[in-house]
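Data block for data.csv (CSV, C-alpha atoms and all ligand atoms):
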```csv
chain,number,residue,atom,x,y,z
F,257,MET,CA,0.0,0.0,0.0
F,258,SER,CA,1.3,3.5,-0.9
F,259,THR,CA,2.3,5.7,2.0
F,260,SER,CA,2.5,8.8,-0.2
F,261,ARG,CA,1.2,11.9,1.7
F,262,ASN,CA,-1.4,12.5,-1.0
F,263,ALA,CA,-2.4,8.9,-1.6
F,264,VAL,CA,-5.7,9.1,0.2
F,265,GLU,CA,-8.5,11.5,-0.8
F,266,VAL,CA,-9.5,13.9,2.0
F,267,ARG,CA,-13.1,15.0,2.1
F,268,LEU,CA,-15.3,17.1,4.5
F,269,ASP,CA,-18.6,15.6,5.6
F,270,PRO,CA,-21.5,17.1,7.6
F,271,ILE,CA,-21.9,15.4,11.0
F,272,ASP,CA,-24.9,13.2,11.1
F,273,ALA,CA,-26.4,10.1,12.8
F,274,GLY,CA,-24.1,7.9,10.8
F,275,ASN,CA,-20.7,9.5,11.7
F,276,TRP,CA,-21.0,11.4,15.0
F,277,ARG,CA,-19.7,8.5,17.0
F,278,ASP,CA,-16.6,8.2,14.9
F,279,VAL,CA,-16.0,11.9,15.4
F,280,ALA,CA,-16.5,11.6,19.2
F,281,ASP,CA,-14.0,8.7,19.3
F,282,LEU,CA,-11.2,10.7,17.7
F,283,GLU,CA,-8.0,11.0,19.8
F,284,VAL,CA,-5.0,13.3,19.7
F,285,ALA,CA,-1.7,12.4,21.2
F,286,PRO,CA,-1.4,12.9,25.0
F,287,GLU,CA,1.0,15.9,24.7
F,288,GLN,CA,-1.5,17.5,22.3
F,289,ARG,CA,-4.5,17.4,24.7
F,290,THR,CA,-3.7,20.9,26.0
F,291,PHE,CA,-4.2,22.3,22.5
F,292,VAL,CA,-7.8,21.2,21.9
F,293,ALA,CA,-10.9,20.1,23.7
F,294,GLU,CA,-12.4,16.6,23.5
F,295,PRO,CA,-14.3,16.1,20.1
F,296,SER,CA,-17.5,15.4,22.0
F,297,ARG,CA,-17.2,18.8,23.7
F,298,TYR,CA,-16.9,20.5,20.3
F,299,LEU,CA,-19.9,18.5,19.1
F,300,ALA,CA,-21.9,19.7,22.1
F,301,LEU,CA,-20.8,23.3,21.5
F,302,CYS,CA,-21.9,23.1,17.9
F,303,ALA,CA,-25.2,21.5,18.9
F,304,TYR,CA,-26.1,24.1,21.5
F,305,ASP,CA,-24.4,27.4,21.0
F,306,GLY,CA,-26.0,28.2,17.7
F,307,LEU,CA,-22.8,29.6,16.2
F,308,TRP,CA,-20.4,26.9,15.2
F,309,THR,CA,-20.9,24.1,12.6
F,310,PRO,CA,-18.8,20.9,12.8
F,311,LEU,CA,-17.5,18.9,9.8
F,312,ALA,CA,-15.9,15.5,9.8
F,313,ILE,CA,-12.6,15.0,8.0
F,314,ARG,CA,-12.7,11.8,6.0
F,315,ALA,CA,-9.8,10.0,4.4
F,316,GLY,CA,-11.1,7.4,2.1
F,317,ASP,CA,-13.8,5.6,4.0
F,318,GLU,CA,-12.6,6.6,7.5
F,319,VAL,CA,-13.4,9.5,9.7
F,320,VAL,CA,-9.9,10.7,10.7
F,321,GLY,CA,-10.5,14.2,12.1
F,322,MET,CA,-12.8,17.1,12.6
F,323,LEU,CA,-13.0,20.9,12.3
F,324,MET,CA,-15.7,23.5,12.9
F,325,TRP,CA,-16.5,26.9,11.5
F,326,ALA,CA,-18.5,30.0,12.4
F,327,VAL,CA,-19.1,33.4,10.8
F,328,ASP,CA,-18.2,36.3,13.1
F,329,PRO,CA,-21.2,38.6,12.4
F,330,ALA,CA,-19.2,41.7,13.4
F,331,GLU,CA,-16.5,41.3,10.8
F,332,GLY,CA,-17.9,38.8,8.3
F,333,ALA,CA,-14.8,36.5,8.6
F,334,VAL,CA,-15.2,32.8,8.8
F,335,TRP,CA,-13.4,31.4,11.9
F,336,LEU,CA,-12.1,27.9,11.9
F,337,GLY,CA,-11.7,26.0,15.2
F,338,GLY,CA,-11.5,22.5,16.7
F,339,VAL,CA,-9.2,21.4,14.0
F,340,LEU,CA,-7.8,18.0,14.9
F,341,VAL,CA,-6.6,14.8,13.2
F,342,ASP,CA,-6.6,11.5,15.0
F,343,ARG,CA,-3.2,10.6,16.3
F,344,ARG,CA,-3.0,7.5,14.0
F,345,TRP,CA,-3.5,9.7,10.9
F,346,GLN,CA,-1.3,12.6,11.6
F,347,ARG,CA,1.7,13.7,9.5
F,348,ARG,CA,0.2,12.5,6.2
F,349,GLY,CA,-0.9,15.9,4.9
F,350,ILE,CA,-4.5,15.4,6.0
F,351,GLY,CA,-4.7,18.4,8.4
F,352,ARG,CA,-3.5,20.9,5.8
F,353,ARG,CA,-5.6,19.5,3.0
F,354,ALA,CA,-8.7,19.5,5.2
F,355,VAL,CA,-8.2,23.1,6.2
F,356,ARG,CA,-7.6,24.0,2.5
F,357,ALA,CA,-10.8,22.1,1.6
F,358,ALA,CA,-12.7,24.0,4.3
F,359,ILE,CA,-11.5,27.3,2.9
F,360,GLU,CA,-12.5,26.4,-0.6
F,361,LEU,CA,-15.9,25.2,0.5
F,362,LEU,CA,-16.7,28.1,2.8
F,363,SER,CA,-15.4,30.9,0.6
F,364,ARG,CA,-18.1,29.9,-1.9
F,365,GLN,CA,-20.8,28.9,0.6
F,366,GLU,CA,-20.4,32.0,2.8
F,367,GLU,CA,-19.2,34.3,0.0
F,368,THR,CA,-16.2,35.5,2.1
F,369,LEU,CA,-12.6,36.1,1.4
F,370,ASP,CA,-11.6,36.4,5.0
F,371,PHE,CA,-10.7,33.6,7.3
F,372,ALA,CA,-9.3,33.5,10.9
F,373,LEU,CA,-8.3,31.0,13.5
F,374,SER,CA,-6.3,30.9,16.7
F,375,TYR,CA,-3.9,28.5,18.4
F,376,GLU,CA,-1.8,28.2,21.5
F,377,PRO,CA,1.5,30.1,21.1
F,378,GLU,CA,3.4,26.9,21.8
F,379,ASN,CA,1.5,24.9,19.2
F,380,GLU,CA,4.2,24.9,16.5
F,381,VAL,CA,2.6,22.2,14.4
F,382,ALA,CA,-0.6,24.3,14.2
F,383,ARG,CA,1.4,27.4,13.3
F,384,ARG,CA,3.3,25.4,10.6
F,385,THR,CA,0.1,23.9,9.2
F,386,TYR,CA,-1.7,27.2,8.9
F,387,ALA,CA,1.3,29.3,7.8
F,388,LYS,CA,1.9,27.3,4.7
F,389,LEU,CA,-1.8,27.9,3.7
F,390,GLY,CA,-1.1,31.6,3.9
F,391,PHE,CA,-2.4,32.4,7.4
F,392,VAL,CA,-0.5,35.3,8.9
F,393,GLU,CA,-0.3,36.2,12.6
F,394,THR,CA,-1.8,39.6,13.3
F,395,GLY,CA,-0.7,40.3,16.9
F,396,GLU,CA,-4.3,39.8,18.1
F,397,LEU,CA,-5.0,37.4,21.0
F,398,GLU,CA,-8.2,35.4,21.5
F,399,ASP,CA,-8.4,33.8,24.9
F,400,ASP,CA,-4.6,33.8,25.1
F,401,GLU,CA,-4.3,32.2,21.7
F,402,VAL,CA,-2.5,33.7,18.8
F,403,VAL,CA,-4.8,34.9,16.0
F,404,ALA,CA,-3.8,34.3,12.4
F,405,ARG,CA,-5.8,35.5,9.4
F,406,LEU,CA,-6.0,34.7,5.7
F,407,ARG,CA,-7.4,37.0,3.0
F,408,LEU,CA,-8.0,35.3,-0.3
F,409,ASP,CA,-7.1,37.2,-3.4
F,410,GLY,CA,-10.5,36.6,-4.9
F,411,LEU,CA,-13.1,34.0,-5.5
F,412,ALA,CA,-12.5,31.7,-8.5
X,501,LIG,C1,-2.4,20.3,13.9
X,501,LIG,C2,-2.9,19.0,13.2
X,501,LIG,C3,-4.4,19.1,12.9
X,501,LIG,C4,-2.1,18.8,11.9
X,501,LIG,O1,-2.6,17.7,11.3
X,501,LIG,P1,-1.7,16.7,10.4
X,501,LIG,O2,-2.6,15.9,9.5
X,501,LIG,O3,-0.8,16.0,11.2
X,501,LIG,O4,-0.9,17.8,9.5
X,501,LIG,P2,-0.2,17.7,8.2
X,501,LIG,O5,0.3,16.2,8.0
X,501,LIG,O6,-1.0,18.3,7.1
X,501,LIG,O7,1.1,18.5,8.4
X,501,LIG,C5,1.1,19.9,8.4
X,501,LIG,C6,2.5,20.4,8.8
X,501,LIG,O8,2.8,20.1,10.2
X,501,LIG,C7,4.0,19.3,10.3
X,501,LIG,N1,3.7,18.3,11.4
X,501,LIG,C8,2.6,17.6,11.6
X,501,LIG,N2,2.7,16.9,12.7
X,501,LIG,C9,3.9,17.2,13.2
X,501,LIG,C10,4.6,16.8,14.4
X,501,LIG,N3,4.1,15.9,15.3
X,501,LIG,N4,5.9,17.3,14.6
X,501,LIG,C11,6.4,18.2,13.8
X,501,LIG,N5,5.8,18.6,12.6
X,501,LIG,C12,4.6,18.1,12.4
X,501,LIG,C13,4.1,18.6,9.0
X,501,LIG,O9,5.4,18.2,8.7
X,501,LIG,C14,3.6,19.7,8.0
X,501,LIG,O10,4.6,20.6,7.8
X,501,LIG,P3,5.5,20.7,6.5
X,501,LIG,O11,4.5,20.6,5.3
X,501,LIG,O12,6.2,21.9,6.6
X,501,LIG,O13,6.3,19.4,6.5
X,501,LIG,C15,-2.6,17.7,14.1
X,501,LIG,O14,-1.2,17.8,14.5
X,501,LIG,C16,-3.5,17.7,15.4
X,501,LIG,O15,-4.6,17.2,15.4
X,501,LIG,N6,-2.9,18.2,16.5
X,501,LIG,C17,-3.6,18.2,17.8
X,501,LIG,C18,-4.7,19.2,17.8
X,501,LIG,C19,-4.3,20.6,17.5
X,501,LIG,O16,-3.3,21.1,17.9
X,501,LIG,N7,-5.1,21.2,16.6
X,501,LIG,C20,-4.8,22.6,16.2
X,501,LIG,C21,-5.5,23.5,17.1
X,501,LIG,S1,-5.4,25.2,16.6
```

Mind turning this structure into structure tokens?
Amino acid sequence: MSTSRNAVEVRLDPIDAGNWRDVADLEVAPEQRTFVAEPSRYLALCAYDGLWTPLAIRAGDEVVGMLMWAVDPAEGAVWLGGVLVDRRWQRRGIGRRAVRAAIELLSRQEETLDFALSYEPENEVARRTYAKLGFVETGELEDDEVVARLRLDGLA
């Protein structure tokens, strides 16, 4: 079986009755647990706060991660959060491809060119993942997390 980083197709799926358990079962490595909440907590937030929407990250037939998004009504930017890839699937290019897919999807769906996210200052992997997609740190802080923003050149 090929181990090429791009061998497996990465898709984003809505969360539904068929996949929410797979999302809830996702695990990051022990040393990464300070960077994100439990997936089940993110699912509950999305179900009840009326702001965030979760998406499952699928590689081939398997649910391998999740992310969530929300529009900030004050600025019109789409915020991404709760980005995580199961520990067994990390370092295969899935996280970056999933965030890129979310940007492509949401720029069209929400008709926005502006994206934002935040991460713990010491989360170097997150910084690296987002920086290569064009996210630039702005000097803003959100709950002690570093804010990075991406402005697309224009909708294709
Ligand atoms: C951040 C995260 C989603 C990245 O997912 P991933 O599928 O492993 O990322 P990718 O394979 O697309 O790699 C993205 C970059 O990070 C690097 N990277 C990934 N894991 C790494 C690790 N453990 N150590 C060092 N670099 C790492 C990759 O090499 C790649 O950089 P490069 O293209 O310059 O080589 C994943 O590490 C994760 O779930 N972490 C725990 C939760 C978290 O911190 N989420 C972000 C909250 S803001």

Please write out the residues within 8 Å of ligand LIG 501 (chain X) as a PDB file with C-alpha atoms, in the frame of the given file, counting only C-alpha atoms and all ligand atoms.
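Everything below was put into result39.pdb:
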```pdb
ATOM      1  CA  ARG F 261       1.200  11.900   1.700  1.00  0.00           C
ATOM      2  CA  VAL F 284      -5.000  13.300  19.700  1.00  0.00           C
ATOM      3  CA  ALA F 285      -1.700  12.400  21.200  1.00  0.00           C
ATOM      4  CA  GLN F 288      -1.500  17.500  22.300  1.00  0.00           C
ATOM      5  CA  ARG F 289      -4.500  17.400  24.700  1.00  0.00           C
ATOM      6  CA  PHE F 291      -4.200  22.300  22.500  1.00  0.00           C
ATOM      7  CA  VAL F 292      -7.800  21.200  21.900  1.00  0.00           C
ATOM      8  CA  GLY F 321     -10.500  14.200  12.100  1.00  0.00           C
ATOM      9  CA  GLY F 337     -11.700  26.000  15.200  1.00  0.00           C
ATOM     10  CA  GLY F 338     -11.500  22.500  16.700  1.00  0.00           C
ATOM     11  CA  VAL F 339      -9.200  21.400  14.000  1.00  0.00           C
ATOM     12  CA  LEU F 340      -7.800  18.000  14.900  1.00  0.00           C
ATOM     13  CA  VAL F 341      -6.600  14.800  13.200  1.00  0.00           C
ATOM     14  CA  ASP F 342      -6.600  11.500  15.000  1.00  0.00           C
ATOM     15  CA  ARG F 343      -3.200  10.600  16.300  1.00  0.00           C
ATOM     16  CA  TRP F 345      -3.500   9.700  10.900  1.00  0.00           C
ATOM     17  CA  GLN F 346      -1.300  12.600  11.600  1.00  0.00           C
ATOM     18  CA  ARG F 347       1.700  13.700   9.500  1.00  0.00           C
ATOM     19  CA  ARG F 348       0.200  12.500   6.200  1.00  0.00           C
ATOM     20  CA  GLY F 349      -0.900  15.900   4.900  1.00  0.00           C
ATOM     21  CA  ILE F 350      -4.500  15.400   6.000  1.00  0.00           C
ATOM     22  CA  GLY F 351      -4.700  18.400   8.400  1.00  0.00           C
ATOM     23  CA  ARG F 352      -3.500  20.900   5.800  1.00  0.00           C
ATOM     24  CA  ARG F 353      -5.600  19.500   3.000  1.00  0.00           C
ATOM     25  CA  LEU F 373      -8.300  31.000  13.500  1.00  0.00           C
ATOM     26  CA  SER F 374      -6.300  30.900  16.700  1.00  0.00           C
ATOM     27  CA  TYR F 375      -3.900  28.500  18.400  1.00  0.00           C
ATOM     28  CA  GLU F 376      -1.800  28.200  21.500  1.00  0.00           C
ATOM     29  CA  ASN F 379       1.500  24.900  19.200  1.00  0.00           C
ATOM     30  CA  GLU F 380       4.200  24.900  16.500  1.00  0.00           C
ATOM     31  CA  VAL F 381       2.600  22.200  14.400  1.00  0.00           C
ATOM     32  CA  ALA F 382      -0.600  24.300  14.200  1.00  0.00           C
ATOM     33  CA  ARG F 383       1.400  27.400  13.300  1.00  0.00           C
ATOM     34  CA  ARG F 384       3.300  25.400  10.600  1.00  0.00           C
ATOM     35  CA  THR F 385       0.100  23.900   9.200  1.00  0.00           C
ATOM     36  CA  TYR F 386      -1.700  27.200   8.900  1.00  0.00           C
ATOM     37  CA  LYS F 388       1.900  27.300   4.700  1.00  0.00           C
TER      38      LYS F 388
END
```

Exercise: F:Gln365 partners within 12 Å, only C-alpha atoms, chain neighbours under 4 positions left out, as a ChimeraX atom specification:
/F:325,327,334,358-361,369,411

My list of candidates is F:Asp409, F:Phe371, F:Asp278, F:Arg297. Which is closest to F:Asp328 when distances are computed with all atoms listed in the file?
F:Phe371

Calculate how many Å separate atom CA of F:Glu366 from atom CA of F:Pro329, rounding to one decimal.
11.7 Å

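In this structure, atom CA of F:Gly395 sits 14.8 Å away from atom CA of F:Glu378.
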
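Take the candidates F:Arg344, F:Arg407, F:Arg364, F:Arg267 and check each one against F:Gly390 using only C-alpha atoms; the shortest distance goes to F:Arg407.
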
Distance criterion (only C-alpha atoms): nearest to F:Trp335 out of F:Ala312, F:Val319, F:Ala273, F:Leu362
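The answer is F:Leu362, which sits nearest to F:Trp335.
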
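Between atom CA of F:Glu265 and atom CA of F:Ala333 lies a distance of 27.4 Å.
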
Counting only C-alpha atoms, what is within 10 Å of F:Asp272, bar same-chain residues fewer than 5 positions away, as an MDAnalysis selection string?
chainID F and resid 277 279 310:312

Please produce a file of those selected residues containing C-alpha atoms, as a tab-separated table (two decimals), in the frame of the given file.
```tsv
chain	number	residue	atom	x	y	z
F	277	ARG	CA	-19.70	8.50	17.00
F	279	VAL	CA	-16.00	11.90	15.40
F	310	PRO	CA	-18.80	20.90	12.80
F	311	LEU	CA	-17.50	18.90	9.80
F	312	ALA	CA	-15.90	15.50	9.80
```

Which is closer to F:Ile313 than all the others in F:Pro295, F:Pro270, F:Gly332, F:Pro377, using all atoms listed in the file?
F:Pro270

Env of F:Ala303: 12 Å cut, atoms = only C-alpha atoms, seq-sep filter 4 positions within chain, self excluded. Answer as a VMD selection string.
chain F and resid 271 to 272 276 296 to 299 307 to 310 324

Atom completion result for stretch 377-392 of chain F (N, CA and C atoms) as a CSV table (one decimal), in the frame of the given file:
```csv
chain,number,residue,atom,x,y,z
F,377,PRO,N,0.2,29.6,21.6
F,377,PRO,CA,1.5,30.1,21.1
F,377,PRO,C,2.5,29.0,21.0
F,378,GLU,N,2.4,28.0,21.8
F,378,GLU,CA,3.4,26.9,21.8
F,378,GLU,C,3.1,25.8,20.8
F,379,ASN,N,1.9,26.0,20.1
F,379,ASN,CA,1.5,24.9,19.2
F,379,ASN,C,2.2,25.1,17.8
F,380,GLU,N,3.4,24.7,17.7
F,380,GLU,CA,4.2,24.9,16.5
F,380,GLU,C,3.7,24.1,15.3
F,381,VAL,N,3.1,23.0,15.6
F,381,VAL,CA,2.6,22.2,14.4
F,381,VAL,C,1.4,22.9,13.8
F,382,ALA,N,0.5,23.5,14.7
F,382,ALA,CA,-0.6,24.3,14.2
F,382,ALA,C,-0.1,25.5,13.4
F,383,ARG,N,0.9,26.2,14.0
F,383,ARG,CA,1.4,27.4,13.3
F,383,ARG,C,2.0,27.0,11.9
F,384,ARG,N,2.7,25.9,11.9
F,384,ARG,CA,3.3,25.4,10.6
F,384,ARG,C,2.2,25.0,9.6
F,385,THR,N,1.2,24.3,10.1
F,385,THR,CA,0.1,23.9,9.2
F,385,THR,C,-0.6,25.0,8.6
F,386,TYR,N,-0.9,26.0,9.4
F,386,TYR,CA,-1.7,27.2,8.9
F,386,TYR,C,-0.8,28.2,8.1
F,387,ALA,N,0.4,28.3,8.5
F,387,ALA,CA,1.3,29.3,7.8
F,387,ALA,C,1.5,29.0,6.3
F,388,LYS,N,1.6,27.7,6.1
F,388,LYS,CA,1.9,27.3,4.7
F,388,LYS,C,0.6,27.4,3.8
F,389,LEU,N,-0.5,27.6,4.5
F,389,LEU,CA,-1.8,27.9,3.7
F,389,LEU,C,-2.0,29.4,3.5
F,390,GLY,N,-1.1,30.2,4.1
F,390,GLY,CA,-1.1,31.6,3.9
F,390,GLY,C,-1.6,32.4,5.1
F,391,PHE,N,-1.9,31.7,6.2
F,391,PHE,CA,-2.4,32.4,7.4
F,391,PHE,C,-1.2,33.2,8.0
F,392,VAL,N,-1.5,34.5,8.4
F,392,VAL,CA,-0.5,35.3,8.9
F,392,VAL,C,-0.9,35.8,10.3
```
